[in-house]
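What follows is work33.txt (compact mmCIF, C-alpha atoms).
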```txt
# COMPACT_ATOMS: atom_id res chain seq x y z
CA MET X 1 -7.78 -25.98 16.98
CA SER X 2 -10.11 -23.43 15.42
CA LEU X 3 -10.05 -19.72 16.14
CA SER X 4 -13.38 -19.90 17.89
CA VAL X 5 -11.95 -22.33 20.45
CA HIS X 6 -8.90 -20.12 20.90
CA SER X 7 -11.22 -17.20 21.41
CA ILE X 8 -13.30 -19.00 24.03
CA LEU X 9 -10.16 -19.88 25.99
CA ALA X 10 -8.81 -16.35 25.63
CA ILE X 11 -12.07 -14.80 26.81
CA ALA X 12 -12.21 -17.13 29.78
CA LEU X 13 -8.62 -16.30 30.71
CA PHE X 14 -9.38 -12.61 30.24
CA GLY X 15 -12.27 -12.87 32.71
CA LEU X 16 -10.07 -14.63 35.28
CA LEU X 17 -7.30 -12.04 34.95
CA SER X 18 -9.80 -9.21 35.12
CA GLY X 19 -11.04 -10.48 38.44
CA LEU X 20 -7.52 -10.78 39.79
CA PHE X 21 -5.84 -7.69 38.37
CA GLY X 22 -8.58 -5.30 37.33
CA GLY X 23 -8.49 -6.09 33.61
CA LEU X 24 -6.16 -5.67 30.66
CA PRO X 25 -6.22 -2.99 27.92
CA THR X 26 -8.92 -3.76 25.38
CA SER X 27 -8.20 -1.05 22.81
CA CYS X 28 -5.62 -0.96 20.03
CA HIS X 29 -3.11 0.48 22.49
CA ALA X 30 -0.32 -1.76 23.71
CA ALA X 31 0.01 -0.15 27.11
CA ASP X 32 2.82 -2.40 28.31
CA ASP X 33 5.35 -0.63 26.06
CA THR X 34 5.69 3.10 26.73
CA THR X 35 8.31 5.83 26.49
CA THR X 36 8.48 9.40 27.78
CA GLU X 37 8.57 10.85 24.26
CA GLU X 38 5.90 13.29 23.11
CA GLY X 39 4.17 13.34 19.74
CA TRP X 40 4.32 10.73 16.98
CA LYS X 41 7.43 8.54 17.06
CA MET X 42 8.59 5.35 15.37
CA ARG X 43 10.84 2.87 17.16
CA ASP X 44 11.66 -0.79 16.50
CA GLY X 45 8.90 -1.06 13.91
CA ARG X 46 6.29 0.30 16.34
CA PHE X 47 4.28 3.51 16.30
CA TYR X 48 4.15 5.56 19.51
CA ASP X 49 1.77 8.41 20.30
CA ASP X 50 2.92 10.49 23.29
CA GLY X 51 5.05 7.58 24.43
CA GLU X 52 2.39 4.87 24.13
CA TRP X 53 2.70 2.06 21.62
CA VAL X 54 -0.39 2.07 19.38
CA PHE X 55 -1.07 -0.87 17.09
CA LEU X 56 -3.00 0.41 14.09
CA LYS X 57 -6.23 -1.16 12.93
CA ILE X 58 -6.43 0.53 9.53
CA ALA X 59 -9.74 0.90 7.70
CA LYS X 60 -9.20 1.38 3.95
CA PRO X 61 -12.52 2.59 2.51
CA LEU X 62 -12.37 2.75 -1.30
CA ARG X 63 -14.24 5.93 -2.20
CA ASN X 64 -14.20 8.81 -4.64
CA PHE X 65 -12.74 11.46 -2.35
CA GLY X 66 -13.67 14.11 -4.90
CA SER X 67 -17.35 13.35 -4.26
CA GLN X 68 -18.89 15.41 -1.48
CA ALA X 69 -21.70 12.89 -1.00
CA GLU X 70 -19.32 9.94 -0.60
CA VAL X 71 -17.06 11.86 1.78
CA ASP X 72 -20.00 13.10 3.87
CA GLN X 73 -21.26 9.54 4.21
CA LEU X 74 -17.84 8.36 5.34
CA ILE X 75 -17.69 11.13 7.94
CA ALA X 76 -21.08 10.00 9.21
CA ASP X 77 -19.76 6.43 9.44
CA LEU X 78 -16.64 7.27 11.48
CA ASP X 79 -18.42 6.55 14.76
CA ILE X 80 -19.26 3.07 13.47
CA LEU X 81 -15.62 2.49 12.54
CA GLN X 82 -14.48 3.52 16.00
CA GLU X 83 -16.99 1.18 17.59
CA LYS X 84 -15.37 -1.59 15.56
CA ASP X 85 -11.95 -0.62 17.02
CA TYR X 86 -10.56 1.01 13.87
CA ASN X 87 -8.21 3.78 14.94
CA THR X 88 -6.88 4.70 11.48
CA VAL X 89 -8.52 5.60 8.17
CA GLY X 90 -6.50 5.15 4.97
CA ILE X 91 -7.53 7.73 2.36
CA ASN X 92 -6.78 6.34 -1.09
CA CYS X 93 -6.95 9.15 -3.67
CA TYR X 94 -7.17 8.30 -7.36
CA TRP X 95 -5.52 10.82 -9.65
CA HIS X 96 -8.42 10.96 -12.12
CA HIS X 97 -10.98 11.70 -9.38
CA LEU X 98 -9.34 14.99 -8.41
CA ASP X 99 -7.55 16.03 -11.61
CA PRO X 100 -9.44 14.76 -14.68
CA GLU X 101 -7.31 16.96 -16.94
CA GLY X 102 -4.20 15.11 -15.83
CA ASP X 103 -2.07 18.25 -15.67
CA GLY X 104 -1.29 17.90 -11.97
CA GLU X 105 -3.59 20.77 -10.98
CA ILE X 106 -6.40 19.90 -8.57
CA SER X 107 -9.65 20.96 -10.24
CA VAL X 108 -12.07 19.30 -7.78
CA SER X 109 -12.73 20.92 -4.41
CA LEU X 110 -10.66 19.49 -1.56
CA GLU X 111 -13.01 20.98 1.04
CA PRO X 112 -14.79 17.64 1.69
CA LEU X 113 -11.47 15.83 1.98
CA ASN X 114 -10.20 18.39 4.48
CA ARG X 115 -13.38 18.03 6.52
CA LEU X 116 -12.83 14.27 6.57
CA ILE X 117 -9.23 14.64 7.77
CA ASN X 118 -10.36 17.05 10.48
CA ALA X 119 -13.19 14.73 11.54
CA ILE X 120 -10.76 11.82 11.82
CA HIS X 121 -8.33 13.93 13.83
CA ASP X 122 -11.04 15.33 16.12
CA ARG X 123 -12.07 11.77 17.07
CA GLY X 124 -8.52 10.91 18.12
CA MET X 125 -8.07 8.70 15.08
CA TYR X 126 -5.27 8.81 12.51
CA ALA X 127 -5.51 9.65 8.81
CA THR X 128 -3.13 8.33 6.17
CA LEU X 129 -2.93 9.52 2.57
CA CYS X 130 -2.29 7.22 -0.39
CA VAL X 131 -2.26 8.07 -4.08
CA GLU X 132 -3.04 5.91 -7.09
CA THR X 133 -1.11 7.40 -9.99
CA TYR X 134 -0.50 4.23 -11.98
CA ALA X 135 -2.91 2.22 -14.13
CA VAL X 136 -2.34 -1.39 -13.09
CA GLY X 137 -4.73 -3.06 -10.65
CA GLY X 138 -7.51 -0.48 -10.64
CA GLY X 139 -6.00 2.96 -11.13
CA VAL X 140 -6.73 5.11 -14.16
CA ILE X 141 -4.61 7.82 -15.75
CA PRO X 142 -6.78 10.94 -16.28
CA PRO X 143 -8.17 11.12 -19.83
CA GLY X 144 -6.86 14.65 -20.28
CA PHE X 145 -3.31 13.41 -19.84
CA TRP X 146 -3.67 10.91 -22.69
CA ASP X 147 -5.15 13.60 -24.94
CA ARG X 148 -1.95 15.60 -24.59
CA HIS X 149 0.64 12.84 -24.24
CA PRO X 150 -0.35 9.71 -26.16
CA ASP X 151 3.30 8.74 -26.58
CA ALA X 152 3.61 8.28 -22.79
CA VAL X 153 2.08 4.80 -23.08
CA ALA X 154 4.17 1.79 -22.07
CA ILE X 155 5.31 -0.60 -24.81
CA ASN X 156 5.74 -4.31 -24.16
CA GLY X 157 8.39 -6.65 -25.49
CA ASN X 158 6.27 -7.39 -28.56
CA GLY X 159 6.15 -3.72 -29.49
CA GLU X 160 2.49 -3.31 -28.43
CA GLU X 161 0.86 -0.59 -26.37
CA VAL X 162 0.12 -1.86 -22.88
CA TYR X 163 -3.29 -2.17 -21.25
CA ASP X 164 -4.09 -3.74 -17.89
CA VAL X 165 -5.20 -7.17 -19.02
CA GLU X 166 -3.67 -8.88 -16.00
CA TYR X 167 -6.16 -7.51 -13.48
CA GLY X 168 -8.93 -7.16 -16.04
CA PHE X 169 -9.45 -3.38 -15.85
CA GLY X 170 -8.28 -2.67 -19.39
CA SER X 171 -6.80 0.70 -18.42
CA ARG X 172 -4.05 2.19 -20.58
CA VAL X 173 -0.70 1.90 -18.80
CA PRO X 174 1.88 4.72 -18.82
CA SER X 175 5.59 4.21 -19.20
CA GLN X 176 7.32 4.93 -15.93
CA PHE X 177 10.13 6.39 -18.03
CA SER X 178 7.96 9.05 -19.67
CA PRO X 179 9.13 12.51 -18.51
CA GLU X 180 5.60 13.89 -18.96
CA TYR X 181 4.05 11.14 -16.86
CA LEU X 182 6.56 11.69 -14.08
CA GLU X 183 6.19 15.47 -14.19
CA TYR X 184 2.40 15.61 -14.02
CA SER X 185 1.81 12.72 -11.62
CA ARG X 186 4.28 14.24 -9.17
CA ARG X 187 2.78 17.68 -9.61
CA PHE X 188 -0.53 16.08 -8.61
CA ILE X 189 1.08 14.57 -5.49
CA ARG X 190 2.53 17.93 -4.47
CA ASN X 191 -0.69 19.85 -5.07
CA LEU X 192 -2.80 17.26 -3.27
CA THR X 193 -0.47 17.32 -0.26
CA ALA X 194 -0.41 21.12 -0.24
CA GLY X 195 -4.20 21.29 -0.46
CA ILE X 196 -4.85 19.36 2.74
CA ASP X 197 -3.82 19.79 6.36
CA HIS X 198 -0.88 17.42 5.89
CA GLU X 199 0.31 17.88 9.47
CA LYS X 200 -2.72 15.79 10.51
CA VAL X 201 -1.66 12.90 8.25
CA LEU X 202 0.20 10.12 10.03
CA PHE X 203 1.99 8.82 6.95
CA PHE X 204 1.90 9.07 3.16
CA GLU X 205 1.80 6.12 0.80
CA THR X 206 3.15 5.96 -2.74
CA THR X 207 1.11 4.42 -5.52
CA VAL X 208 -0.45 1.03 -4.83
CA GLU X 209 1.70 -2.01 -5.66
CA PRO X 210 4.47 -0.36 -7.73
CA GLN X 211 5.47 -2.79 -10.46
CA TYR X 212 5.75 -3.12 -14.22
CA MET X 213 3.38 -6.03 -14.93
CA GLY X 214 3.45 -9.77 -14.36
CA ARG X 215 2.26 -11.21 -17.66
CA GLN X 216 4.27 -9.16 -20.14
CA SER X 217 7.68 -7.57 -20.24
CA LEU X 218 7.87 -3.76 -19.86
CA CYS X 219 8.99 -1.28 -20.95
CA TYR X 220 10.33 -0.96 -24.51
CA SER X 221 9.23 2.57 -25.33
CA ASP X 222 11.63 5.19 -26.69
CA HIS X 223 11.60 6.76 -23.22
CA ALA X 224 12.75 3.45 -21.70
CA ARG X 225 15.47 3.03 -24.30
CA ASN X 226 16.83 6.53 -23.61
CA ALA X 227 16.86 5.86 -19.86
CA TYR X 228 18.54 2.46 -20.27
CA GLU X 229 21.28 3.65 -22.59
CA ALA X 230 21.99 6.67 -20.38
CA TRP X 231 22.23 4.38 -17.32
CA VAL X 232 24.63 2.01 -19.11
CA LEU X 233 26.85 4.91 -20.16
CA GLU X 234 26.77 6.65 -16.79
CA ASN X 235 27.63 3.47 -14.88
CA ASP X 236 30.07 2.12 -17.48
CA VAL X 237 28.30 -1.24 -17.58
CA ALA X 238 30.64 -3.26 -19.80
CA ASP X 239 28.48 -6.39 -20.15
CA ALA X 240 25.19 -4.59 -20.84
CA PRO X 241 23.29 -6.00 -23.82
CA ALA X 242 22.59 -3.63 -26.69
CA TRP X 243 19.02 -2.41 -27.12
CA PRO X 244 17.12 -4.70 -29.51
CA GLU X 245 17.34 -3.63 -33.15
CA SER X 246 13.65 -4.38 -33.50
CA LEU X 247 10.69 -5.73 -31.54
CA PRO X 248 9.68 -8.36 -30.47
CA ALA X 249 12.67 -8.27 -28.13
CA PRO X 250 14.70 -11.50 -28.10
CA SER X 251 14.57 -13.57 -24.93
CA SER X 252 18.32 -13.05 -24.53
CA PHE X 253 17.55 -9.38 -23.84
CA VAL X 254 14.28 -9.83 -21.94
CA GLU X 255 15.92 -12.29 -19.53
CA HIS X 256 19.32 -10.61 -19.32
CA PRO X 257 20.38 -9.92 -15.69
CA VAL X 258 21.78 -6.47 -16.53
CA TRP X 259 18.51 -5.36 -18.16
CA ASN X 260 16.52 -6.63 -15.20
CA HIS X 261 18.92 -5.04 -12.73
CA PHE X 262 18.36 -1.74 -14.53
CA ARG X 263 14.59 -2.24 -14.41
CA ALA X 264 14.73 -2.87 -10.64
CA VAL X 265 16.82 0.24 -10.04
CA ALA X 266 14.56 2.30 -12.29
CA LEU X 267 11.44 1.07 -10.48
CA ALA X 268 12.94 2.09 -7.15
CA ASP X 269 13.89 5.47 -8.63
CA TRP X 270 10.26 5.96 -9.68
CA VAL X 271 9.10 5.31 -6.11
CA ASN X 272 11.88 7.49 -4.70
CA GLY X 273 10.75 10.38 -6.90
CA ASP X 274 7.18 10.04 -5.66
CA MET X 275 8.41 9.98 -2.07
CA ALA X 276 10.34 13.17 -2.73
CA ALA X 277 7.19 14.81 -4.13
CA PHE X 278 5.36 14.16 -0.84
CA ARG X 279 8.29 15.43 1.22
CA ASP X 280 8.70 18.56 -0.91
CA VAL X 281 5.46 19.73 0.71
CA ALA X 282 5.01 17.72 3.92
CA GLY X 283 8.65 18.14 4.97
CA GLN X 284 11.67 15.89 5.01
CA ASP X 285 10.53 14.25 8.25
CA ALA X 286 7.27 12.99 6.71
CA TRP X 287 6.78 9.22 7.04
CA ILE X 288 6.37 7.26 3.82
CA ALA X 289 4.94 3.78 3.25
CA VAL X 290 5.78 1.72 0.15
CA ASP X 291 4.12 -1.47 -1.07
CA TYR X 292 6.40 -4.39 -1.92
CA LEU X 293 4.67 -6.77 -4.33
CA GLU X 294 6.23 -10.26 -4.21
CA THR X 295 4.43 -13.38 -5.38
CA GLY X 296 7.46 -15.63 -5.14
CA GLY X 297 6.64 -16.82 -8.66
CA GLY X 298 8.69 -17.13 -11.82
CA GLU X 299 7.20 -13.94 -13.26
CA MET X 300 8.84 -11.65 -10.69
CA HIS X 301 11.53 -10.49 -13.13
CA TYR X 302 8.64 -9.15 -15.22
CA ARG X 303 7.14 -7.33 -12.23
CA LEU X 304 10.19 -5.88 -10.49
CA GLY X 305 13.28 -6.78 -12.52
CA ASP X 306 14.94 -8.15 -9.40
CA PRO X 307 13.05 -7.90 -6.10
CA VAL X 308 16.05 -7.59 -3.77
CA THR X 309 17.66 -4.96 -5.99
CA PHE X 310 14.39 -3.03 -5.94
CA LEU X 311 14.29 -3.09 -2.14
CA GLU X 312 17.97 -2.20 -1.81
CA ASN X 313 17.57 0.88 -4.01
CA LEU X 314 14.58 2.37 -2.21
CA GLY X 315 15.37 5.60 -0.42
CA ARG X 316 14.28 6.41 3.11
CA VAL X 317 11.13 4.42 3.78
CA GLU X 318 9.51 4.23 7.21
CA ILE X 319 6.94 1.49 6.49
CA ILE X 320 7.29 -1.40 4.05
CA GLN X 321 3.94 -2.99 3.18
CA VAL X 322 4.27 -6.62 2.08
CA ASN X 323 2.04 -8.13 -0.61
CA TRP X 324 1.51 -11.05 -1.30
CA HIS X 325 1.98 -12.20 2.27
CA TRP X 326 -0.50 -15.05 1.69
CA ASN X 327 -0.31 -17.40 -1.28
CA LYS X 328 -3.79 -17.71 -2.72
CA GLN X 329 -2.87 -20.85 -4.68
CA THR X 330 -1.32 -22.92 -1.89
CA ARG X 331 -3.45 -21.27 0.86
CA ARG X 332 -0.30 -20.86 2.93
CA PRO X 333 1.97 -17.97 3.95
CA ASN X 334 4.19 -16.54 1.22
CA MET X 335 7.51 -16.49 3.02
CA VAL X 336 9.53 -15.19 0.05
CA ALA X 337 8.24 -11.65 0.57
CA TYR X 338 9.15 -11.45 4.26
CA GLU X 339 12.49 -13.22 3.68
CA ASN X 340 13.53 -10.64 1.08
CA VAL X 341 12.53 -7.80 3.39
CA GLN X 342 14.61 -9.33 6.18
CA LYS X 343 17.49 -9.99 3.79
CA VAL X 344 17.74 -6.31 2.94
CA ASN X 345 17.48 -5.58 6.69
CA ARG X 346 16.54 -1.91 6.67
CA ASP X 347 15.23 0.08 9.62
CA TRP X 348 11.60 0.08 8.58
CA ALA X 349 8.33 -0.88 10.17
CA ILE X 350 6.77 -3.97 8.57
CA SER X 351 3.11 -4.11 7.71
CA GLU X 352 1.08 -5.45 4.79
CA HIS X 353 -0.70 -3.98 1.83
CA MET X 354 -4.20 -5.35 2.40
CA THR X 355 -3.53 -7.53 5.42
CA MET X 356 -6.92 -8.89 4.45
CA ASN X 357 -9.44 -7.93 1.79
CA GLY X 358 -12.93 -9.32 1.57
CA SER X 359 -12.40 -11.73 -1.30
CA ASP X 360 -8.95 -13.38 -1.16
CA TYR X 361 -9.23 -15.03 2.26
CA ARG X 362 -11.46 -17.50 4.08
CA PRO X 363 -12.75 -17.18 7.65
CA ASP X 364 -10.95 -20.36 8.71
CA GLU X 365 -7.64 -18.82 7.55
CA VAL X 366 -7.79 -15.70 9.69
CA SER X 367 -5.82 -17.20 12.57
CA ASP X 368 -3.00 -18.43 10.33
CA VAL X 369 -2.89 -15.19 8.33
CA LEU X 370 -2.68 -12.84 11.29
CA HIS X 371 -0.34 -15.00 13.37
CA ASN X 372 1.97 -15.26 10.36
CA THR X 373 2.18 -11.47 10.05
CA LEU X 374 3.20 -11.20 13.70
CA GLU X 375 5.74 -14.00 13.39
CA ASN X 376 7.36 -12.14 10.49
CA GLY X 377 7.80 -8.79 12.15
CA THR X 378 4.54 -6.86 11.92
CA ARG X 379 4.32 -4.57 14.96
CA PHE X 380 2.93 -1.51 13.22
CA GLY X 381 -0.63 -2.48 12.35
CA TRP X 382 -3.04 -4.33 10.05
CA GLU X 383 -4.88 -2.94 7.02
CA PHE X 384 -8.38 -4.05 6.03
CA VAL X 385 -9.86 -3.38 2.57
CA ASN X 386 -12.61 -2.54 1.53
CA ILE X 387 -14.25 -1.04 4.59
CA ALA X 388 -17.72 -0.31 3.24
CA PRO X 389 -21.28 -1.49 3.93
CA SER X 390 -22.01 -3.51 0.82
CA SER X 391 -23.57 -6.96 0.92
CA ASP X 392 -23.11 -7.44 -2.83
CA ASP X 393 -19.46 -6.34 -3.09
CA PRO X 394 -17.25 -9.39 -2.43
CA PHE X 395 -14.27 -7.11 -1.74
CA SER X 396 -16.13 -5.39 1.11
CA HIS X 397 -15.93 -6.70 4.67
CA TYR X 398 -19.38 -5.57 5.81
CA LYS X 399 -23.02 -6.01 4.85
CA ASP X 400 -25.37 -3.15 3.99
CA ASP X 401 -26.25 -2.64 7.66
CA TRP X 402 -22.56 -2.65 8.74
CA SER X 403 -22.87 -6.10 10.29
CA PRO X 404 -19.65 -8.05 9.66
CA LYS X 405 -19.33 -10.70 7.01
CA PRO X 406 -17.89 -13.99 8.35
CA LEU X 407 -14.28 -13.12 7.48
CA ILE X 408 -14.02 -9.80 9.32
CA ALA X 409 -16.19 -11.15 12.15
CA GLU X 410 -13.25 -13.40 13.06
CA VAL X 411 -11.26 -10.20 13.58
CA ASP X 412 -13.82 -7.79 15.02
CA ASP X 413 -15.49 -10.22 17.41
CA ASN X 414 -12.14 -11.34 18.79
CA TRP X 415 -10.24 -8.06 18.83
CA ASP X 416 -9.27 -8.33 22.52
CA TYR X 417 -7.77 -11.74 21.78
CA TRP X 418 -5.81 -10.37 18.84
CA MET X 419 -4.44 -7.49 20.89
CA GLU X 420 -3.16 -10.04 23.38
CA GLN X 421 -1.41 -11.84 20.51
CA VAL X 422 0.15 -8.57 19.36
CA ARG X 423 1.50 -7.90 22.84
CA ALA X 424 2.70 -11.48 23.25
CA GLU X 425 4.87 -11.61 20.11
```
Do you think you could lay out the structure here as structure tokens?
Amino acid sequence: MSLSVHSILAIALFGLLSGLFGGLPTSCHAADDTTTEEGWKMRDGRFYDDGEWVFLKIAKPLRNFGSQAEVDQLIADLDILQEKDYNTVGINCYWHHLDPEGDGEISVSLEPLNRLINAIHDRGMYATLCVETYAVGGGVIPPGFWDRHPDAVAINGNGEEVYDVEYGFGSRVPSQFSPEYLEYSRRFIRNLTAGIDHEKVLFFETTVEPQYMGRQSLCYSDHARNAYEAWVLENDVADAPAWPESLPAPSSFVEHPVWNHFRAVALADWVNGDMAAFRDVAGQDAWIAVDYLETGGGEMHYRLGDPVTFLENLGRVEIIQVNWHWNKQTRRPNMVAYENVQKVNRDWAISEHMTMNGSDYRPDEVSDVLHNTLENGTRFGWEFVNIAPSSDDPFSHYKDDWSPKPLIAEVDDNWDYWMEQVRAE
């Protein structure tokens, strides 16, 4: 049965119940689950505001938040977003937009960004803050950083400098083991957090899709070697393979479980350090969201070392954001990601990184995609990317006049139905 038929039945049932009982809630609020607590609380994977469970419909508009014109236009569009039932705006800040020198010091005015956060708050909506401080999948390391620290580049198993060829952006990729990269990217996180009214931010999100890369083995820089050998010594790892005498690295090392265990632990440590940078300013009670990238494919040891080890070594995380939750090859749910999250069994809210973007899904898949998220534990909210009026941008959900493209229309036009599904699970 198609979604449209479901929707017709749901609307008819809604009309009948409205006549009998005076109607059901039609907003993003799940009014049948309340507590007496005040303020923002998290319980059983749900977000509560003054005791009321609120399911988040998150708009992720990809903008340059260092541009006053782009921020002003987004502020002007907030009323439109509210009309479309979005109650949350995810602010995704690229490092190079606000700190082109790459020294961690904000050199672009944050006044527009603060006005945006205040405008979101004044409308009763929620703001979230995400940073992009990596260079895989769309991020860019500021050019000034590379001018000062060219040796911070990641090295692959063939001994070559790494560029983002997987996602096609061609950006130069830093080694996550470079002390300079860690110092200045985290200084940026702290200064950005300090420069805004962070008490009005619902949660903070570490860099998008933390990973090494999927099509080549990382990292074999001198920084990585120093970190690996120190870890082996500190943990007295008797069966650890010796660092390759030369590159290309032999497959016996690239595939070795100890090396990949180390890489998983190190990746989690990178994320943990970024979380600490947010909390250094926003306070130890600040909520943090982390993306978990899991394709379920044979390249995952390249991406994460070992996915379960990565998850197990994350510090205190409030929200885990699953990606891929939908397999774009088989056009079916990717259950590996959710199964690993459940295997680790931590007390975190489950959501998705890009529950849906404008290009990876089809309108006739919306029902299966969203029902699958609910069946696998999502009670926190859904994230939609890119929320922008752009007929020509396939990643965007809306046309130039803000009318919905067919994919997001299946969500927006049936939002009351979907809120009933959220409450029913």
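Nearest-residue note for Asp393 in chain X: choosing from X:Gly195, X:Arg172, X:Leu62, X:Leu293, the minimum distance belongs to X:Leu62, counting only C-alpha atoms.
With distances taken from (-14.7, 1.4, -3.8) and restricted to all atoms listed in the file, the residues inside 12 Å are Lys60, Pro61, Leu62, Arg63, Asn64, Phe65, Glu70, Leu74, Ile91, Asn92, Cys93, Tyr94, Gly138, Gly139, Val385, Asn386, Ile387, Ala388, Pro389, Ser390, Asp393, Pro394, Phe395, Ser396 and His397 of chain X.
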Surrounding residues of Asp49 in chain X excluding itself and chain neighbours under 3 positions, 6 Å, all atoms listed in the file, as a list in words: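 Near neighbours after the sequence-gap exclusion: Gly39, Trp40 and Glu52 of chain X.
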Could you tell me how far CA of Leu218 in chain X sits from CA of Pro244 in chain X, in Å to one decimal place?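 Straight-line distance from CA of Pro244 in chain X to CA of Leu218 in chain X works out to 13.4 Å.
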Which residues are near Leu202 in chain X? Cut-off 9 Å, all atoms listed in the file, ignore same chain within fewer than 5 positions. Put them as a ChimeraX atom specification. /X:40,126-129,286-287
Which of these, X:Cys219, X:Val208, X:Ile196, X:Ala349, has the shortest distance to Asn156 in chain X once you count all atoms listed in the file?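 Residue with the minimum atom-to-atom distance to Asn156 in chain X: X:Cys219.
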Between X:Ile288, X:Tyr302, X:Asp236, X:Phe384, which one has atoms that come closest to Pro257 in chain X, using all atoms listed in the file?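 Closest residue, counting all atoms listed in the file: X:Tyr302.
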Find the residues near Leu374 in chain X: any atom within 12 Å, counting only C-alpha atoms, skip ones fewer than 6 places away on the same chain, and give them as a PDB file with C-alpha atoms, in the frame of the given file.
```
ATOM      1  CA  GLY X  45       8.900  -1.060  13.910  1.00  0.00           C
ATOM      2  CA  PHE X  55      -1.070  -0.870  17.090  1.00  0.00           C
ATOM      3  CA  HIS X 325       1.980 -12.200   2.270  1.00  0.00           C
ATOM      4  CA  PRO X 333       1.970 -17.970   3.950  1.00  0.00           C
ATOM      5  CA  TYR X 338       9.150 -11.450   4.260  1.00  0.00           C
ATOM      6  CA  ILE X 350       6.770  -3.970   8.570  1.00  0.00           C
ATOM      7  CA  SER X 351       3.110  -4.110   7.710  1.00  0.00           C
ATOM      8  CA  GLU X 352       1.080  -5.450   4.790  1.00  0.00           C
ATOM      9  CA  THR X 355      -3.530  -7.530   5.420  1.00  0.00           C
ATOM     10  CA  SER X 367      -5.820 -17.200  12.570  1.00  0.00           C
ATOM     11  CA  ASP X 368      -3.000 -18.430  10.330  1.00  0.00           C
ATOM     12  CA  PHE X 380       2.930  -1.510  13.220  1.00  0.00           C
ATOM     13  CA  GLY X 381      -0.630  -2.480  12.350  1.00  0.00           C
ATOM     14  CA  TRP X 382      -3.040  -4.330  10.050  1.00  0.00           C
ATOM     15  CA  TRP X 418      -5.810 -10.370  18.840  1.00  0.00           C
ATOM     16  CA  MET X 419      -4.440  -7.490  20.890  1.00  0.00           C
ATOM     17  CA  GLU X 420      -3.160 -10.040  23.380  1.00  0.00           C
ATOM     18  CA  GLN X 421      -1.410 -11.840  20.510  1.00  0.00           C
ATOM     19  CA  VAL X 422       0.150  -8.570  19.360  1.00  0.00           C
ATOM     20  CA  ARG X 423       1.500  -7.900  22.840  1.00  0.00           C
ATOM     21  CA  ALA X 424       2.700 -11.480  23.250  1.00  0.00           C
ATOM     22  CA  GLU X 425       4.870 -11.610  20.110  1.00  0.00           C
TER      23      GLU X 425
END
```
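For the pair CA of Asp197 in chain X and CA of Ala59 in chain X, the interatomic distance is 19.8 Å.
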So, with only C-alpha atoms as the atoms that count, which of X:Asp412, X:Glu294, X:Glu312, X:Asp222 lies closest to Asp269 in chain X?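 Smallest distance to Asp269 in chain X is found for X:Glu312.
For the pair CA of His353 in chain X and CA of Asp291 in chain X, the separation is 6.2 Å.
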Selection: 9 Å around Glu299 in chain X, all atoms listed in the file, excl. self and same-chain fewer than 6 positions, as a ChimeraX atom specification: /X:213-216
Would you output that residue set with C-alpha atoms, as a PDB file, keeping the file's coordinate frame?
```pdb
ATOM      1  CA  MET X 213       3.380  -6.030 -14.930  1.00  0.00           C
ATOM      2  CA  GLY X 214       3.450  -9.770 -14.360  1.00  0.00           C
ATOM      3  CA  ARG X 215       2.260 -11.210 -17.660  1.00  0.00           C
ATOM      4  CA  GLN X 216       4.270  -9.160 -20.140  1.00  0.00           C
TER       5      GLN X 216
END
```
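Nearest residue to Val153 in chain X among X:Phe203, X:Tyr220, X:Phe169, X:Trp270 is X:Tyr220, counting all atoms listed in the file.
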Would you please work out which residue, of X:Pro241, X:Pro406, X:Pro210, X:Gly273, is nearest to Val366 in chain X when using only C-alpha atoms? X:Pro406
